[in-house]
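Asker: Structure file data-v9.cif (mmCIF, N, CA and C atoms) is given on the next line.
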```
data_upload
#
loop_
_atom_site.label_atom_id
_atom_site.label_comp_id
_atom_site.auth_asym_id
_atom_site.auth_seq_id
_atom_site.Cartn_x
_atom_site.Cartn_y
_atom_site.Cartn_z
N MET A 1 90.95 129.51 116.27
CA MET A 1 92.31 129.35 115.80
C MET A 1 93.27 130.02 116.79
N THR A 2 94.34 129.35 117.11
CA THR A 2 95.33 129.88 118.03
C THR A 2 96.35 130.72 117.27
N GLU A 3 96.62 131.90 117.80
CA GLU A 3 97.63 132.75 117.19
C GLU A 3 98.99 132.44 117.75
N ILE A 4 99.99 132.61 116.92
CA ILE A 4 101.36 132.50 117.39
C ILE A 4 101.80 133.90 117.80
N LYS A 5 102.36 134.00 118.99
CA LYS A 5 102.77 135.31 119.50
C LYS A 5 104.24 135.26 119.90
N THR A 6 104.99 136.24 119.44
CA THR A 6 106.39 136.38 119.84
C THR A 6 106.50 137.60 120.74
N SER A 7 107.08 137.40 121.90
CA SER A 7 107.26 138.47 122.89
C SER A 7 108.73 138.69 123.13
N ARG A 8 109.12 139.93 123.27
CA ARG A 8 110.49 140.25 123.67
C ARG A 8 110.65 139.93 125.15
N VAL A 9 111.78 139.37 125.48
CA VAL A 9 112.12 139.11 126.88
C VAL A 9 113.48 139.76 127.12
N PRO A 10 113.82 140.03 128.38
CA PRO A 10 115.16 140.56 128.65
C PRO A 10 116.19 139.60 128.06
N GLU A 11 117.28 140.12 127.51
CA GLU A 11 118.28 139.23 126.93
C GLU A 11 118.75 138.24 127.98
N ILE A 12 118.66 136.97 127.60
CA ILE A 12 119.02 135.89 128.51
C ILE A 12 119.91 134.90 127.77
N LEU A 13 120.62 134.10 128.51
CA LEU A 13 121.45 133.06 127.93
C LEU A 13 120.78 131.71 128.13
N CYS A 14 120.84 130.88 127.09
CA CYS A 14 120.39 129.50 127.25
C CYS A 14 121.31 128.84 128.27
N TRP A 15 120.73 128.17 129.24
CA TRP A 15 121.54 127.53 130.28
C TRP A 15 122.40 126.41 129.70
N ASN A 16 122.01 125.87 128.54
CA ASN A 16 122.72 124.74 127.96
C ASN A 16 123.81 125.16 126.97
N CYS A 17 123.44 125.96 125.95
CA CYS A 17 124.40 126.29 124.90
C CYS A 17 125.03 127.68 125.05
N GLY A 18 124.46 128.51 125.93
CA GLY A 18 125.01 129.83 126.18
C GLY A 18 124.68 130.88 125.14
N LYS A 19 123.85 130.55 124.15
CA LYS A 19 123.45 131.53 123.13
C LYS A 19 122.51 132.56 123.74
N MET A 20 122.60 133.80 123.22
CA MET A 20 121.76 134.89 123.68
C MET A 20 120.36 134.75 123.07
N ILE A 21 119.35 134.88 123.91
CA ILE A 21 117.95 134.79 123.48
C ILE A 21 117.28 136.09 123.91
N SER A 22 116.49 136.68 123.01
CA SER A 22 115.82 137.94 123.34
C SER A 22 114.33 137.92 123.03
N ALA A 23 113.81 136.74 122.69
CA ALA A 23 112.38 136.63 122.38
C ALA A 23 111.89 135.23 122.72
N ALA A 24 110.60 135.14 122.95
CA ALA A 24 109.95 133.85 123.20
C ALA A 24 108.69 133.79 122.35
N THR A 25 108.47 132.66 121.71
CA THR A 25 107.31 132.49 120.85
C THR A 25 106.40 131.43 121.44
N SER A 26 105.11 131.69 121.40
CA SER A 26 104.13 130.77 121.96
C SER A 26 102.95 130.67 121.02
N TRP A 27 102.38 129.49 120.90
CA TRP A 27 101.15 129.36 120.12
C TRP A 27 99.95 129.38 121.05
N LYS A 28 100.20 129.67 122.30
CA LYS A 28 99.10 129.82 123.25
C LYS A 28 98.78 131.28 123.51
N ASP A 29 99.36 132.15 122.69
CA ASP A 29 99.07 133.58 122.71
C ASP A 29 99.24 134.20 124.10
N LYS A 30 100.42 133.97 124.69
CA LYS A 30 100.70 134.58 125.99
C LYS A 30 102.18 134.89 126.11
N ARG A 31 102.47 135.82 126.98
CA ARG A 31 103.87 136.15 127.29
C ARG A 31 104.41 135.12 128.28
N PRO A 32 105.72 134.88 128.25
CA PRO A 32 106.28 133.92 129.21
C PRO A 32 106.15 134.43 130.64
N ARG A 33 105.94 133.49 131.54
CA ARG A 33 105.85 133.80 132.97
C ARG A 33 106.78 132.86 133.73
N PRO A 34 107.16 133.24 134.94
CA PRO A 34 108.00 132.35 135.75
C PRO A 34 107.35 130.97 135.85
N GLY A 35 108.16 129.94 135.65
CA GLY A 35 107.67 128.56 135.71
C GLY A 35 107.29 127.99 134.35
N ASP A 36 107.17 128.84 133.33
CA ASP A 36 106.87 128.35 131.98
C ASP A 36 108.07 127.61 131.41
N VAL A 37 107.77 126.68 130.53
CA VAL A 37 108.80 125.88 129.86
C VAL A 37 109.19 126.58 128.55
N SER A 38 110.45 126.47 128.17
CA SER A 38 110.94 127.04 126.93
C SER A 38 111.83 126.03 126.23
N VAL A 39 111.88 126.12 124.90
CA VAL A 39 112.78 125.30 124.10
C VAL A 39 113.74 126.25 123.39
N CYS A 40 115.03 126.07 123.58
CA CYS A 40 116.02 126.93 122.95
C CYS A 40 116.00 126.70 121.44
N ILE A 41 115.87 127.77 120.69
CA ILE A 41 115.83 127.68 119.23
C ILE A 41 117.19 127.26 118.67
N TYR A 42 118.26 127.48 119.42
CA TYR A 42 119.61 127.17 118.95
C TYR A 42 120.02 125.73 119.22
N CYS A 43 119.69 125.20 120.39
CA CYS A 43 120.15 123.85 120.74
C CYS A 43 119.01 122.86 120.99
N GLY A 44 117.78 123.36 121.15
CA GLY A 44 116.64 122.48 121.37
C GLY A 44 116.46 122.01 122.80
N GLU A 45 117.32 122.47 123.69
CA GLU A 45 117.23 122.04 125.10
C GLU A 45 116.06 122.75 125.79
N VAL A 46 115.48 122.04 126.74
CA VAL A 46 114.36 122.58 127.52
C VAL A 46 114.91 123.41 128.68
N GLY A 47 114.30 124.56 128.90
CA GLY A 47 114.64 125.41 130.03
C GLY A 47 113.36 125.87 130.71
N MET A 48 113.52 126.42 131.88
CA MET A 48 112.39 126.94 132.65
C MET A 48 112.65 128.42 132.91
N PHE A 49 111.62 129.24 132.73
CA PHE A 49 111.76 130.65 133.06
C PHE A 49 111.72 130.81 134.57
N ASP A 50 112.69 131.57 135.11
CA ASP A 50 112.70 131.83 136.55
C ASP A 50 111.95 133.13 136.83
N ALA A 51 112.04 133.61 138.05
CA ALA A 51 111.31 134.81 138.47
C ALA A 51 111.72 136.06 137.68
N PHE A 52 112.92 136.06 137.10
CA PHE A 52 113.42 137.20 136.33
C PHE A 52 113.33 136.96 134.83
N LEU A 53 112.65 135.88 134.43
CA LEU A 53 112.52 135.44 133.04
C LEU A 53 113.86 135.03 132.43
N ALA A 54 114.80 134.64 133.27
CA ALA A 54 116.03 134.01 132.79
C ALA A 54 115.74 132.51 132.67
N LEU A 55 116.52 131.82 131.86
CA LEU A 55 116.31 130.38 131.71
C LEU A 55 117.21 129.61 132.66
N ARG A 56 116.62 128.61 133.27
CA ARG A 56 117.38 127.73 134.16
C ARG A 56 117.15 126.29 133.74
N ARG A 57 118.04 125.44 134.18
CA ARG A 57 117.90 124.01 133.93
C ARG A 57 116.71 123.48 134.73
N PRO A 58 115.88 122.64 134.11
CA PRO A 58 114.77 122.05 134.86
C PRO A 58 115.29 121.08 135.93
N THR A 59 114.55 120.98 137.01
CA THR A 59 114.88 119.99 138.04
C THR A 59 114.52 118.60 137.54
N ASP A 60 115.01 117.59 138.21
CA ASP A 60 114.67 116.21 137.84
C ASP A 60 113.16 115.99 137.90
N ASP A 61 112.51 116.52 138.93
CA ASP A 61 111.06 116.36 139.05
C ASP A 61 110.32 117.05 137.90
N GLU A 62 110.81 118.22 137.48
CA GLU A 62 110.18 118.92 136.36
C GLU A 62 110.36 118.14 135.06
N ILE A 63 111.53 117.53 134.88
CA ILE A 63 111.78 116.74 133.68
C ILE A 63 110.82 115.56 133.62
N VAL A 64 110.64 114.89 134.74
CA VAL A 64 109.70 113.76 134.79
C VAL A 64 108.29 114.24 134.47
N MET A 65 107.90 115.38 135.01
CA MET A 65 106.56 115.92 134.79
C MET A 65 106.34 116.27 133.31
N MET A 66 107.39 116.73 132.62
CA MET A 66 107.27 117.15 131.22
C MET A 66 107.37 115.99 130.24
N ALA A 67 107.88 114.87 130.68
CA ALA A 67 108.14 113.74 129.77
C ALA A 67 106.89 113.38 128.97
N GLY A 68 107.04 113.36 127.67
CA GLY A 68 105.95 112.97 126.79
C GLY A 68 104.91 114.04 126.52
N ASP A 69 105.09 115.26 127.05
CA ASP A 69 104.12 116.33 126.82
C ASP A 69 104.08 116.65 125.31
N LYS A 70 102.91 116.54 124.72
CA LYS A 70 102.76 116.70 123.27
C LYS A 70 103.15 118.09 122.79
N ASP A 71 102.78 119.13 123.54
CA ASP A 71 103.15 120.50 123.14
C ASP A 71 104.66 120.69 123.18
N LEU A 72 105.30 120.15 124.20
CA LEU A 72 106.75 120.28 124.32
C LEU A 72 107.45 119.52 123.19
N LEU A 73 106.99 118.32 122.90
CA LEU A 73 107.59 117.55 121.81
C LEU A 73 107.42 118.26 120.47
N LEU A 74 106.26 118.88 120.26
CA LEU A 74 106.03 119.63 119.03
C LEU A 74 106.97 120.84 118.96
N ALA A 75 107.14 121.54 120.06
CA ALA A 75 108.04 122.70 120.09
C ALA A 75 109.48 122.27 119.77
N GLN A 76 109.91 121.14 120.32
CA GLN A 76 111.27 120.66 120.03
C GLN A 76 111.40 120.24 118.56
N GLU A 77 110.34 119.65 118.01
CA GLU A 77 110.36 119.27 116.60
C GLU A 77 110.46 120.52 115.70
N ILE A 78 109.68 121.53 116.00
CA ILE A 78 109.71 122.77 115.21
C ILE A 78 111.08 123.44 115.33
N ALA A 79 111.61 123.51 116.55
CA ALA A 79 112.94 124.12 116.74
C ALA A 79 113.99 123.36 115.93
N GLY A 80 113.90 122.06 115.90
CA GLY A 80 114.85 121.25 115.12
C GLY A 80 114.75 121.53 113.63
N LYS A 81 113.53 121.66 113.15
CA LYS A 81 113.33 121.96 111.72
C LYS A 81 113.88 123.34 111.38
N LEU A 82 113.67 124.30 112.26
CA LEU A 82 114.19 125.66 112.02
C LEU A 82 115.72 125.66 112.02
N ARG A 83 116.33 124.89 112.91
CA ARG A 83 117.80 124.81 112.94
C ARG A 83 118.33 124.21 111.64
N ASN A 84 117.60 123.26 111.08
CA ASN A 84 118.04 122.60 109.85
C ASN A 84 117.90 123.48 108.62
N LEU A 85 117.14 124.57 108.72
CA LEU A 85 116.96 125.48 107.58
C LEU A 85 118.19 126.34 107.35
N LYS A 86 119.04 126.48 108.36
CA LYS A 86 120.20 127.37 108.27
C LYS A 86 121.24 126.84 107.31
#
```
Could you write out this file's structure as structure tokens?
Answerer:
Amino acid sequence: MTEIKTSRVPEILCWNCGKMISAATSWKDKRPRPGDVSVCIYCGEVGMFDAFLALRRPTDDEIVMMAGDKDLLLAQEIAGKLRNLK
């Protein structure tokens, strides 16, 4: 069984909506690393962790590479459901 793990990250801004983010949750039981994909809990946009664990906009090539990824789609679905609970 995979554990869900929430890790504190340096306070960062979502590159898309500008909301402050201070944690990252993963069901792969790991802390975020540079190059990892993230889904903003506030707006659902995909971001990439940079070398300082700040979020940046994915490049066009990264977007193509992520298209249809089942884990990413699930993360966006969960984030959307959580936003609708508010």
Asker: Pick from A:Asn84, A:Thr59, A:Gln76, A:Thr6: nearest to A:Trp27, with only N, CA and C atoms counted?
Answerer: A:Thr6
Asker: Mind pulling up the distance from atom CA of A:Pro58 to atom CA of A:Cys43?
Answerer: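 Distance reported for this atom pair: 15.2 Å.
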Asker: Could you pull the residues within 6.5 Å of A:Ser38, counting all atoms listed in the file, minus those fewer than 2 positions along the same chain, as a list in words?
Answerer: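 Neighbouring residues, sequence-local ones excluded: Asp36, Cys40, Glu45, Val46, Gly47, Met48 and Phe49 of chain A.
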Asker: At a cut-off of 8 Å, using all atoms listed in the file, what residues contact A:Arg83? Leave out same-chain residues fewer than 3 positions from it and give the result as an MDAnalysis selection string.
Answerer: chainID A and resid 41:43 77:80 86
Asker: Could you give me, as a list in words, the residues within 10 Å of A:Pro34, counting only C-alpha atoms and dropping anything in the same chain fewer than 2 positions from it?
Answerer: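 Once the adjacent positions are removed, what remains is Pro32, Asp36, Val37, Met48, Phe49, Asp50, Ala51, Phe52, Leu53, Ala54 and Leu55 of chain A.
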Asker: Please report the interatomic distance between atom CA of A:Arg31 and atom CA of A:Ala67 in Å with one decimal.
Answerer: 22.9 Å
Asker: Determine the residue membership of the PyMOL selection byres (((chain A and resi 8 and name CA) around 9) and name CA) for the file above and supply it as a PyMOL selection string.
Answerer: chain A and resi 6-7+9-11+22-25+31
Asker: Please report the interatomic distance between atom CA of A:Ile12 and atom CA of A:Gly68 in Å with one decimal.
Answerer: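 A separation of 26.4 Å between them.
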